[in-house]
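Asker: You'll find model10.tsv just under this line, and it carries TSV, C-alpha atoms.
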```tsv
chain	number	residue	atom	x	y	z
A	9	MET	CA	-81.76	93.87	41.64
A	10	THR	CA	-79.15	91.39	40.43
A	11	GLU	CA	-79.55	89.33	37.30
A	12	LEU	CA	-81.57	86.15	37.82
A	13	ARG	CA	-80.47	82.75	36.48
A	14	VAL	CA	-82.67	79.82	35.63
A	15	VAL	CA	-82.03	76.63	37.61
A	16	THR	CA	-83.81	73.35	37.10
A	17	VAL	CA	-84.40	71.29	40.20
A	18	LYS	CA	-85.67	67.75	40.54
A	19	LEU	CA	-87.75	67.32	43.68
A	20	PRO	CA	-89.30	64.25	45.22
A	21	GLU	CA	-93.06	64.04	44.61
A	22	GLU	CA	-93.85	64.54	48.33
A	23	ILE	CA	-91.92	67.83	48.50
A	24	TYR	CA	-93.47	69.09	45.26
A	25	GLN	CA	-96.97	68.29	46.57
A	26	GLU	CA	-96.18	70.08	49.83
A	27	ILE	CA	-94.98	73.20	47.95
A	28	ALA	CA	-98.01	73.11	45.66
A	29	LEU	CA	-100.30	72.81	48.69
A	30	ARG	CA	-98.70	75.55	50.81
A	31	ILE	CA	-97.32	78.11	48.33
A	32	PRO	CA	-99.49	79.87	45.72
A	33	GLU	CA	-98.44	79.31	42.10
A	34	GLY	CA	-97.03	82.82	41.46
A	35	ASP	CA	-94.94	82.86	44.67
A	36	ARG	CA	-93.14	79.50	44.31
A	37	SER	CA	-90.01	80.86	42.60
A	38	ILE	CA	-89.61	83.51	45.28
A	39	PHE	CA	-90.14	80.90	47.99
A	40	ILE	CA	-87.52	78.52	46.53
A	41	ARG	CA	-85.06	81.42	46.00
A	42	ASP	CA	-85.52	82.53	49.62
A	43	ALA	CA	-85.16	78.94	50.89
A	44	ILE	CA	-81.87	78.52	49.01
A	45	ALA	CA	-80.59	81.88	50.25
A	46	GLU	CA	-81.55	80.97	53.83
A	47	LYS	CA	-79.78	77.62	53.58
A	48	LEU	CA	-76.66	79.31	52.18
A	49	GLN	CA	-76.61	81.66	55.18
A	50	THR	CA	-76.30	78.71	57.56
A	51	THR	CA	-73.71	76.84	55.45
A	52	PRO	CA	-70.16	77.98	56.28
A	53	LYS	CA	-67.93	79.07	53.44
A	54	PRO	CA	-64.88	76.84	52.90
A	55	ASP	CA	-62.61	79.91	52.90
A	56	LYS	CA	-63.87	80.86	56.33
A	57	LEU	CA	-63.28	77.33	57.63
A	58	LEU	CA	-59.74	77.38	56.28
A	59	ALA	CA	-59.12	80.80	57.82
A	60	LEU	CA	-60.48	79.61	61.18
A	61	GLU	CA	-58.30	76.51	61.06
A	62	GLN	CA	-55.23	78.64	60.33
A	63	ARG	CA	-56.09	81.01	63.18
A	64	MET	CA	-56.49	78.03	65.54
A	65	THR	CA	-53.06	76.73	64.51
A	66	GLN	CA	-51.53	80.16	65.12
A	67	LEU	CA	-53.18	80.39	68.53
A	68	GLU	CA	-51.82	76.96	69.47
A	69	GLU	CA	-48.33	78.02	68.38
A	70	HIS	CA	-48.56	81.29	70.33
A	71	PHE	CA	-49.81	79.45	73.40
A	72	GLY	CA	-46.88	77.04	73.09
A	73	GLN	CA	-44.46	79.99	72.92
A	74	ILE	CA	-46.02	81.60	75.98
A	75	LYS	CA	-45.76	78.31	77.81
A	76	LYS	CA	-42.10	78.03	76.79
A	77	TYR	CA	-41.34	81.58	77.95
A	78	LEU	CA	-43.03	80.96	81.28
A	79	SER	CA	-41.05	77.77	81.75
A	80	ASP	CA	-37.85	79.66	80.89
A	81	LEU	CA	-38.67	82.11	83.66
A	82	GLU	CA	-39.55	79.15	85.90
A	83	ILE	CA	-42.98	80.67	86.50
A	84	LEU	CA	-44.68	77.67	84.94
A	85	THR	CA	-43.97	74.66	87.07
A	86	PHE	CA	-45.69	71.38	87.31
A	87	LYS	CA	-47.80	70.15	90.22
A	88	HIS	CA	-46.34	70.16	93.69
A	89	GLY	CA	-43.58	67.60	93.97
A	90	LYS	CA	-43.40	67.11	90.21
A	91	ILE	CA	-40.43	67.97	88.01
A	92	ASN	CA	-40.41	70.77	85.46
A	93	PRO	CA	-39.02	68.96	82.40
A	94	TYR	CA	-37.90	72.19	80.73
A	95	GLN	CA	-35.20	72.68	83.37
A	96	TYR	CA	-33.18	69.99	81.57
A	97	ALA	CA	-33.38	71.77	78.22
A	98	GLN	CA	-30.24	73.61	77.20
A	99	ASP	CA	-31.63	75.28	74.07
A	100	ASP	CA	-34.58	75.41	71.66
A	101	ILE	CA	-33.88	71.95	70.22
A	102	ASP	CA	-34.10	70.38	73.68
A	103	ARG	CA	-37.27	72.36	74.45
A	104	LYS	CA	-38.89	71.19	71.23
A	105	ILE	CA	-37.93	67.58	72.00
A	106	ILE	CA	-39.45	67.86	75.48
A	107	GLU	CA	-42.53	69.60	74.09
A	108	TYR	CA	-43.00	66.79	71.53
A	109	LEU	CA	-42.69	64.15	74.24
A	110	LEU	CA	-45.13	66.03	76.49
A	111	ASN	CA	-47.67	66.10	73.67
A	112	TYR	CA	-47.27	62.52	72.46
A	113	LYS	CA	-46.00	60.78	75.66
A	114	SER	CA	-43.52	58.76	73.55
A	115	ALA	CA	-41.63	58.93	70.29
A	116	THR	CA	-38.96	57.20	68.30
A	117	THR	CA	-35.78	59.06	67.44
A	118	PRO	CA	-36.70	59.30	63.71
A	119	GLU	CA	-40.15	60.70	64.58
A	120	ILE	CA	-38.61	63.50	66.62
A	121	ALA	CA	-35.98	64.12	63.93
A	122	ASP	CA	-38.75	64.46	61.32
A	123	TYR	CA	-40.62	66.86	63.60
A	124	LEU	CA	-37.51	68.99	64.13
A	125	LYS	CA	-36.36	68.54	60.52
A	126	THR	CA	-32.89	67.61	61.68
A	127	ASN	CA	-30.46	64.71	61.92
A	128	ARG	CA	-31.63	61.77	64.04
A	129	TRP	CA	-28.15	61.41	65.57
A	130	LEU	CA	-28.40	64.95	66.94
A	131	VAL	CA	-31.80	64.06	68.43
A	132	LEU	CA	-30.40	60.83	69.92
A	133	ASN	CA	-27.50	62.70	71.54
A	134	ARG	CA	-29.88	65.32	72.95
A	135	LEU	CA	-32.23	62.66	74.33
A	136	GLN	CA	-29.33	60.89	76.00
A	137	LYS	CA	-28.11	64.17	77.53
A	138	ILE	CA	-31.58	64.96	78.86
A	139	GLU	CA	-31.81	61.45	80.31
A	140	LYS	CA	-28.35	61.68	81.90
A	141	ASN	CA	-28.82	65.22	83.31
A	142	SER	CA	-32.24	64.48	84.77
A	143	LYS	CA	-30.97	61.28	86.38
A	144	ARG	CA	-27.99	63.13	87.84
A	145	GLN	CA	-30.01	66.10	89.14
A	146	ALA	CA	-33.32	64.49	90.15
A	147	GLY	CA	-32.11	61.01	91.00
A	148	LYS	CA	-34.46	59.55	88.40
A	149	SER	CA	-34.59	60.12	84.67
A	150	ILE	CA	-37.61	62.01	83.27
A	151	ILE	CA	-37.33	60.06	80.00
A	152	GLU	CA	-36.35	56.50	79.31
A	153	TYR	CA	-35.58	54.43	76.26
A	154	TYR	CA	-37.48	51.15	75.92
A	155	ALA	CA	-36.34	48.84	73.10
A	156	GLY	CA	-39.29	46.45	73.33
A	157	GLU	CA	-42.86	47.05	72.26
A	158	ARG	CA	-45.00	49.22	74.51
A	159	SER	CA	-48.37	50.69	73.56
A	160	GLY	CA	-47.77	49.84	69.92
A	161	LYS	CA	-44.34	51.47	69.68
A	162	LYS	CA	-40.98	49.74	69.43
A	163	LYS	CA	-37.65	51.27	70.30
A	164	ALA	CA	-39.12	54.50	71.61
A	165	TRP	CA	-38.38	57.15	74.21
A	166	TRP	CA	-41.01	57.47	76.93
A	167	LEU	CA	-41.76	60.16	79.49
A	168	ASP	CA	-41.90	59.07	83.11
A	169	GLU	CA	-45.45	60.23	83.79
A	170	GLU	CA	-45.07	59.70	87.54
A	171	LEU	CA	-42.53	62.51	87.60
A	172	ILE	CA	-44.10	64.74	84.98
A	173	GLN	CA	-47.75	65.63	84.99
A	174	GLU	CA	-49.29	68.78	83.58
```
Turn the structure described in the file into structure tokens.

Answerer:
Amino acid sequence: MTELRVVTVKLPEEIYQEIALRIPEGDRSIFIRDAIAEKLQTTPKPDKLLALEQRMTQLEEHFGQIKKYLSDLEILTFKHGKINPYQYAQDDIDRKIIEYLLNYKSATTPEIADYLKTNRWLVLNRLQKIEKNSKRQAGKSIIEYYAGERSGKKKAWWLDEELIQE
């Protein structure tokens, strides 16, 4: 048996009366010890929560990679009549830009640059190329720049959700 420690607990009068009524005097310590142990069994450990959160993040990243690979192979396409936005991506930077826009529906150039940890001018040039290529190939651009305020964002790039739906 492990070493026992003394703990002082302040209980409301009603709970103390209930324990005194239900539990014989010699068994109260054992009862309280068992109740604490039982409660600890149902309370998750913070380390386990952190580990689960990290595993969830890894799963999301792996799922994103699988989705990217499928789109590279053109196996993953969007609904009938819809455009696969990844066909306008020339490399990983373009794919990440498109992925960000698919997740958030809109973004400013600095937001995407922060996400990619790169220069905002590079992001701007890539966005303009994606816009130009999609307009040339599909007849309508899959992304558009709107300088005014829309849904709480100013000067942002927006996905054309009529063309792209997951």

Asker: So, counting only C-alpha atoms, which residue among A:Gly34, A:Pro118, A:Pro93, A:Lys113 is closest to Ile138 (chain A)?

Answerer: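 The closest residue to Ile138 (chain A) is A:Pro93.
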
Asker: Work out how far apart CA of Arg134 (chain A) and CA of Asp102 (chain A) are and give it in Å to one decimal.

Answerer: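 We find that CA of Arg134 (chain A) and CA of Asp102 (chain A) lie 6.6 Å from each other.
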
Asker: Ranking A:Ala115, A:Leu130, A:Leu58, A:Val14 by minimum distance to Tyr154 (chain A) and counting only C-alpha atoms, which one comes first?

Answerer: A:Ala115

Asker: Can you tell me how far CA of Ser159 (chain A) sits from CA of Ala146 (chain A), in Å to one decimal?

Answerer: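 Distance between the two atoms: 26.3 Å.
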
Asker: Check the smallest atom-to-atom distance from each of A:Trp165, A:Glu61, A:Leu132, A:Ser149 to Tyr112 (chain A) using all atoms listed in the file, then report the winner.

Answerer: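 Among the listed residues, A:Trp165 lies closest to Tyr112 (chain A).
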
Asker: Can you work out the spacing between CA of Pro52 (chain A) and CA of Glu68 (chain A) in Å, to one decimal?

Answerer: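 That distance, rounded to one decimal, is 22.6 Å.
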
Asker: Of the candidates A:Lys137, A:His70, A:Lys104, A:Arg144, which shows the shortest atom-to-atom distance to Lys125 (chain A), using all atoms listed in the file?

Answerer: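 Distance minimum relative to Lys125 (chain A) lands on A:Lys104.
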
Asker: From the list A:Glu26, A:Asp35, A:Glu169, A:Asp55, which residue is nearest Asn111 (chain A) when using only C-alpha atoms?

Answerer: A:Glu169

Asker: Just checking: using all atoms listed in the file, which residue out of A:Leu135, A:Ile40, A:Leu124, A:Leu19 ends up closest to Tyr96 (chain A)?

Answerer: A:Leu135

Asker: Residues proximal to (-37.1, 68.2, 79.6) were defined as those with any atom within 12 Å of that point in the file's coordinates, counting only C-alpha atoms. Which are they, as a ChimeraX atom specification?

Answerer: /A:76,79-80,86,91-110,134-143,146,149-152,166-168,171-172

Asker: Quick one: everything within 7 Å of Thr116 (chain A), counting only C-alpha atoms, minus sequence neighbours fewer than 4 positions away in the same chain. Send it as a list in words.

Answerer: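 So, after excluding close chain neighbours, the residues are Ile120, Lys163, Ala164 and Trp165 of chain A.
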